[in-house]
Amino acid sequence: MSWDPYDPGADPGIDPGADPTALVDPTVDLDPTAGTDPTGLMDPVDPFADPFSEVGEIPDAVPSADGVPDLPNFDPAASDPSAVTGSPGEAMEVWQQHTGENGCAIGAQGMVLEYLTGERISEEQLTQEAASQGWFDGTGTAPADVGNLLELHGVPVQQIEGASLEQLETVLADGGAPIVGLDADEIWAPGHDPADENVGNLPGIPGHGANHAVWVTGIDHSDPAHPMVVLNDSGHPDGQGLAVPVDEFMGAWQDSGNFLVAAGTQRAV
């Protein structure tokens with residue numbers, strides 16, 4: 001299993017996610033030579049399905065003019081600095097969208113490496129390093145290997161399963177850079193309601209399981225009634241300081257078992 005099996009070079013006008021009502025009727029005869037799954041589902045052996053695949057529409061997404069969901073971004077000028085944990089404004093300066101196939105974890109580590117050390121290493125070099133160490137085989141990065149590239153370049157890393165929001169804030173308050181695994185469908189569809197996912201916990205259906213890795217750059221409590229988690233997401237064109245409501249973030253994060261890679265902090269999280 002690995003995160004980030006999607007192709008960032010795919011048409012960004014195709015929204016991630018699956019509309020349960022759009023699944024193919026398995027009773028309909030299909031052309032056996034077409035290679036189409038008669039169940040209408042994606043590959044059942046891969047629980048981390050491509051959130052950019054042509055499975056269906058995101059029922060809650062509000063597309064922009066070009067068809068890509070127009071996601072909100074952190075605005076340092078509109079926030080109260082005393083109410084922000086972390087430095088999301090500074091982190092936005094090193095954001096970059098990854099270009100390699102299945103490279104979200106490599107993209108997240110590359111941004112964190114530059115943020116913590118000031119050294120920018122190309123995505124191509126990081127991909128080669130990961131491949132040479134057996135941490136990347138072209139299909140994505142296994143959760144257990146997220147953070148290995150950072151350690152290779154001298155950045156201390158802690159991996160935590162079942163992490164809490166408080167632990168996440170501790171890493172940010174310490175000046176560290178947390179990378180988390182989550183379900184991209186839930187953060188790329190504004191207002192996404194997990195209760196709408198009524199197709200069951202079947203592997204291969206977007207919205208059921210972690211399929212993405214992102215860097216959490218801050219938590220903004222400027223509006224105490226609506227706190228936002230700020231992400232640098234290398235997999236989305238609006239991923240520079242992507243602002244996600246805490247409840248939606250927590251729902252997406254729990255799909256990875258609240259997996260957290262704490263980078264750049266010396267004390268135990």
# chains A, B, ... in the order shown; residues from 1 in each chain; ligands from 1

$ residues_around --residues "region 218-224 of chain A" --least-positions-apart "6" --cutoff "7 Å" --atoms "only C-alpha atoms" --output "list in words"
Ser79, Asp80, Ala83, Val84, Thr85, Gly86, Ser87, Pro88, Leu172 and Val230 of chain A

$ closest_atom_pairs --of "region 135-155 of chain A" --to "region 264-269 of chain A" --cutoff "10 Å" --atoms "only C-alpha atoms" --output "JSON lines"
{"residue": "A:Leu150", "atom": "CA", "partner": "A:Gly264", "partner_atom": "CA", "distance": 9.1}
{"residue": "A:Glu151", "atom": "CA", "partner": "A:Gly264", "partner_atom": "CA", "distance": 9.7}
{"residue": "A:Gly154", "atom": "CA", "partner": "A:Gly264", "partner_atom": "CA", "distance": 9.4}
{"residue": "A:Val155", "atom": "CA", "partner": "A:Gly264", "partner_atom": "CA", "distance": 5.8}

$ write_last_selection --atoms "N, CA and C atoms" --output "short mmCIF file (atom, residue, chain, number, x, y, z; two decimals), in the first residue's frame"
data_model
loop_
_atom_site.label_atom_id
_atom_site.label_comp_id
_atom_site.auth_asym_id
_atom_site.auth_seq_id
_atom_site.Cartn_x
_atom_site.Cartn_y
_atom_site.Cartn_z
N LEU A 150 13.71 13.11 4.57
CA LEU A 150 14.11 14.18 5.48
C LEU A 150 15.25 13.72 6.38
N GLU A 151 15.13 12.52 6.91
CA GLU A 151 16.20 11.99 7.75
C GLU A 151 17.49 11.84 6.96
N GLY A 154 19.31 14.96 7.12
CA GLY A 154 19.66 15.48 8.43
C GLY A 154 18.55 16.09 9.23
N VAL A 155 17.30 15.94 8.80
CA VAL A 155 16.18 16.51 9.54
C VAL A 155 15.59 15.44 10.46
#

$ closest_residue --among "A:Ala210, A:Ala78, A:Ile106, A:Leu116" --to "Phe136 (chain A)" --atoms "only C-alpha atoms"
A:Ile106

$ atom_distance --atom1 "CA of Ser256 (chain A)" --atom2 "CA of Leu71 (chain A)"
22.2 Å

$ select_by_dssp --residues "region 65-258 of chain A" --states "helix (DSSP H, G or I)" --output "ChimeraX atom specification"
/A:76-78,81-83,88-92,104-117,123-133,143-145,148-152,165-173,184-188,194-196,246-256

$ residues_around --residues "Gly241 (chain A)" --least-positions-apart "4" --cutoff "9 Å" --atoms "only C-alpha atoms" --output "PyMOL selection string"
chain A and resi 72-75+88-89+91-92+95+216-218+230-233

$ residues_around --residues "Val229 (chain A)" --least-positions-apart "6" --cutoff "6 Å" --atoms "only C-alpha atoms" --output "VMD selection string"
chain A and resid 219 243 to 244 246

$ select_by_dssp --residues "region 114-187 of chain A" --states "strand (DSSP E)" --output "list in words"
Val157, Gln158, Gln159, Ile160, Ala177, Pro178, Ile179, Val180, Gly181 and Leu182 of chain A

$ closest_residue --among "A:Gln254, A:Ser234, A:Gln109, A:Glu119" --to "Asp145 (chain A)" --atoms "only C-alpha atoms"
A:Gln109

$ closest_residue --among "A:Ala189, A:Leu149, A:Ala144, A:Val261" --to "Ala131 (chain A)" --atoms "only C-alpha atoms"
A:Leu149
